[in-house]
Amino acid sequence: MSPTDTQNLINDINQYVRNYPLQSFQNLRLNSILLRLANGGTGGGGGGSGFNPVPVTSANFTTATDCPLIALNGLNLLIFFNESQKFIYQETGDWTPLVGGGFTILIPGFDSTTANYHFVVYVIS
């Protein structure tokens with residue numbers, strides 16, 4: 001980890017976690033910082049690539065379950081489902097990658113047209 005990456009992490013921790021501990025859980029800032037640490041400290045803060053969250057709502061879906069995100073084609077994703085207050089996982093059958101980028105929600109009964117759902121998508125590699 002470079003000195004710049006280290007300082008960016010320290011700045012983000014001081015600004016977002018120390019000053020706003022409860023909010024850092026709710027708005028996923030702490031999660032973003034932890035993911036950056038797991039990635040060797042790169043991404044976010046002062047630039048770089050990595051764990052910049054991509055907010056997604058029902059408006060991004062083209063069908064009841066398909067959310068195309070062309071910019072994320074071929075990348076590994078980590079998805080937080082805000083209404084359920086949990087991460088959803090490809091390995092457990094919650095979602096599957098969409099050809100061309102994005103994802104399809106496989107959760108039984110999920111229909112993006114019935115409510116304004118909110119997701120936060122992270123690129124993990």
# chains A, B, ... in the order shown; residues from 1 in each chain; ligands from 1

$ residues_around --residues "Phe80 in chain A" --least-positions-apart "2" --cutoff "10 Å" --atoms "only C-alpha atoms" --output "list in words"
Leu28, Pro53, Pro55, Val56, Leu77, Leu78, Asn82, Glu83, Ser84, Gln85, Lys86, Phe87, Ile88, Tyr89, His118, Phe119, Val120, Val121 and Tyr122 of chain A

$ closest_residue --among "A:Thr92, A:Thr57, A:Thr62, A:Val123" --to "Leu35 in chain A" --atoms "only C-alpha atoms"
A:Val123

$ closest_residue --among "A:Ile13, A:Ala59, A:Leu98, A:Ala115" --to "Asn73 in chain A" --atoms "only C-alpha atoms"
A:Leu98

$ select_by_dssp --residues "range 19-119 of chain A" --states "strand (DSSP E)" --output "PyMOL selection string"
chain A and resi 54-57+66-68+77-81+86-88+95-97+102-105+118-119

$ write_last_selection --atoms "N, CA and C atoms" --output "CSV table (one decimal), in the first residue's frame"
chain,number,residue,atom,x,y,z
A,54,VAL,N,-21.7,1.8,-6.8
A,54,VAL,CA,-22.6,2.1,-7.9
A,54,VAL,C,-24.0,2.0,-7.4
A,55,PRO,N,-24.7,3.1,-7.2
A,55,PRO,CA,-26.1,3.0,-6.7
A,55,PRO,C,-27.0,2.6,-7.8
A,56,VAL,N,-27.9,1.7,-7.5
A,56,VAL,CA,-28.9,1.2,-8.5
A,56,VAL,C,-30.3,1.3,-7.9
A,57,THR,N,-31.2,1.7,-8.6
A,57,THR,CA,-32.6,1.6,-8.2
A,57,THR,C,-33.5,0.9,-9.2
A,66,ASP,N,-34.1,-7.9,-14.5
A,66,ASP,CA,-32.8,-7.6,-15.2
A,66,ASP,C,-32.3,-6.2,-15.0
A,67,CYS,N,-31.1,-6.0,-14.6
A,67,CYS,CA,-30.5,-4.7,-14.4
A,67,CYS,C,-29.2,-4.7,-15.2
A,68,PRO,N,-29.3,-4.2,-16.5
A,68,PRO,CA,-28.0,-4.1,-17.3
A,68,PRO,C,-27.2,-2.9,-16.8
A,77,LEU,N,-18.8,-8.8,-9.0
A,77,LEU,CA,-19.6,-7.8,-8.3
A,77,LEU,C,-20.0,-8.3,-6.9
A,78,LEU,N,-20.2,-7.4,-6.0
A,78,LEU,CA,-20.7,-7.6,-4.7
A,78,LEU,C,-21.9,-6.7,-4.6
A,79,ILE,N,-23.1,-7.2,-4.2
A,79,ILE,CA,-24.3,-6.4,-4.3
A,79,ILE,C,-25.0,-6.4,-2.9
A,80,PHE,N,-25.3,-5.1,-2.5
A,80,PHE,CA,-26.0,-4.9,-1.2
A,80,PHE,C,-27.4,-4.5,-1.6
A,81,PHE,N,-28.4,-5.3,-1.0
A,81,PHE,CA,-29.8,-5.0,-1.3
A,81,PHE,C,-30.4,-4.2,-0.1
A,86,LYS,N,-29.0,-6.4,3.5
A,86,LYS,CA,-28.0,-7.5,3.5
A,86,LYS,C,-27.4,-7.5,2.1
A,87,PHE,N,-26.2,-8.2,2.1
A,87,PHE,CA,-25.6,-8.5,0.8
A,87,PHE,C,-26.3,-9.7,0.2
A,88,ILE,N,-26.4,-9.7,-1.1
A,88,ILE,CA,-27.0,-10.8,-1.8
A,88,ILE,C,-25.8,-11.5,-2.6
A,95,TRP,N,-28.6,-13.9,-7.2
A,95,TRP,CA,-28.5,-13.2,-8.5
A,95,TRP,C,-27.5,-13.9,-9.4
A,96,THR,N,-27.6,-13.5,-10.7
A,96,THR,CA,-26.6,-14.1,-11.6
A,96,THR,C,-26.2,-13.0,-12.6
A,97,PRO,N,-25.0,-13.1,-13.1
A,97,PRO,CA,-24.5,-12.0,-14.0
A,97,PRO,C,-25.4,-12.0,-15.3
A,102,GLY,N,-24.0,-6.3,-15.7
A,102,GLY,CA,-25.1,-6.1,-14.9
A,102,GLY,C,-25.5,-7.4,-14.2
A,103,PHE,N,-26.8,-7.5,-13.8
A,103,PHE,CA,-27.2,-8.7,-13.0
A,103,PHE,C,-28.7,-9.0,-13.2
A,104,THR,N,-29.1,-10.2,-12.9
A,104,THR,CA,-30.5,-10.6,-12.8
A,104,THR,C,-30.7,-11.1,-11.4
A,105,ILE,N,-31.7,-10.5,-10.8
A,105,ILE,CA,-32.1,-10.9,-9.5
A,105,ILE,C,-32.9,-12.2,-9.5
A,118,HIS,N,-33.6,-0.4,-3.9
A,118,HIS,CA,-32.3,0.3,-3.9
A,118,HIS,C,-31.2,-0.8,-3.7
A,119,PHE,N,-30.1,-0.7,-4.5
A,119,PHE,CA,-29.0,-1.6,-4.4
A,119,PHE,C,-27.7,-0.8,-4.4

$ select_by_dssp --residues "chain A" --states "helix (DSSP H, G or I)" --output "number ranges by chain"
A: 3-18, 21-26, 29-38, 58-60, 70-72, 82-84

$ closest_residue --among "A:Asn8, A:Arg36, A:Asn31, A:Leu106" --to "Glu91 in chain A" --atoms "only C-alpha atoms"
A:Leu106

$ atom_distance --atom1 "CA of Ser112 in chain A" --atom2 "CA of Gly100 in chain A"
19.7 Å

$ closest_atom_pairs --of "range 28-124 of chain A" --to "range 17-23 of chain A" --cutoff "12 Å" --atoms "only C-alpha atoms" --output "tab-separated table"
residue	atom	partner	partner_atom	distance
A:Leu28	CA	A:Gln23	CA	8.1
A:Arg29	CA	A:Val17	CA	7.5
A:Leu30	CA	A:Val17	CA	6.4
A:Asn31	CA	A:Val17	CA	10.2
A:Ser32	CA	A:Val17	CA	10.9
A:Ile33	CA	A:Val17	CA	9.2
A:Leu34	CA	A:Val17	CA	11.1

$ write_last_selection --atoms "C-alpha atoms" --output "tab-separated table (two decimals), in the first residue's frame"
chain	number	residue	atom	x	y	z
A	28	LEU	CA	-21.97	1.70	3.68
A	29	ARG	CA	-18.96	4.02	4.06
A	30	LEU	CA	-17.42	1.67	6.63
A	31	ASN	CA	-18.06	-1.27	4.33
A	32	SER	CA	-16.34	0.57	1.48
A	33	ILE	CA	-13.31	1.30	3.68
A	34	LEU	CA	-13.09	-2.33	4.79

$ closest_residue --among "A:Val99, A:Ile107, A:Leu37, A:Ile10" --to "Leu72 in chain A" --atoms "only C-alpha atoms"
A:Val99

$ atom_distance --atom1 "CA of Phe110 in chain A" --atom2 "CA of Asn76 in chain A"
22.1 Å

$ atom_distance --atom1 "CA of Gly101 in chain A" --atom2 "CA of Thr65 in chain A"
13.8 Å
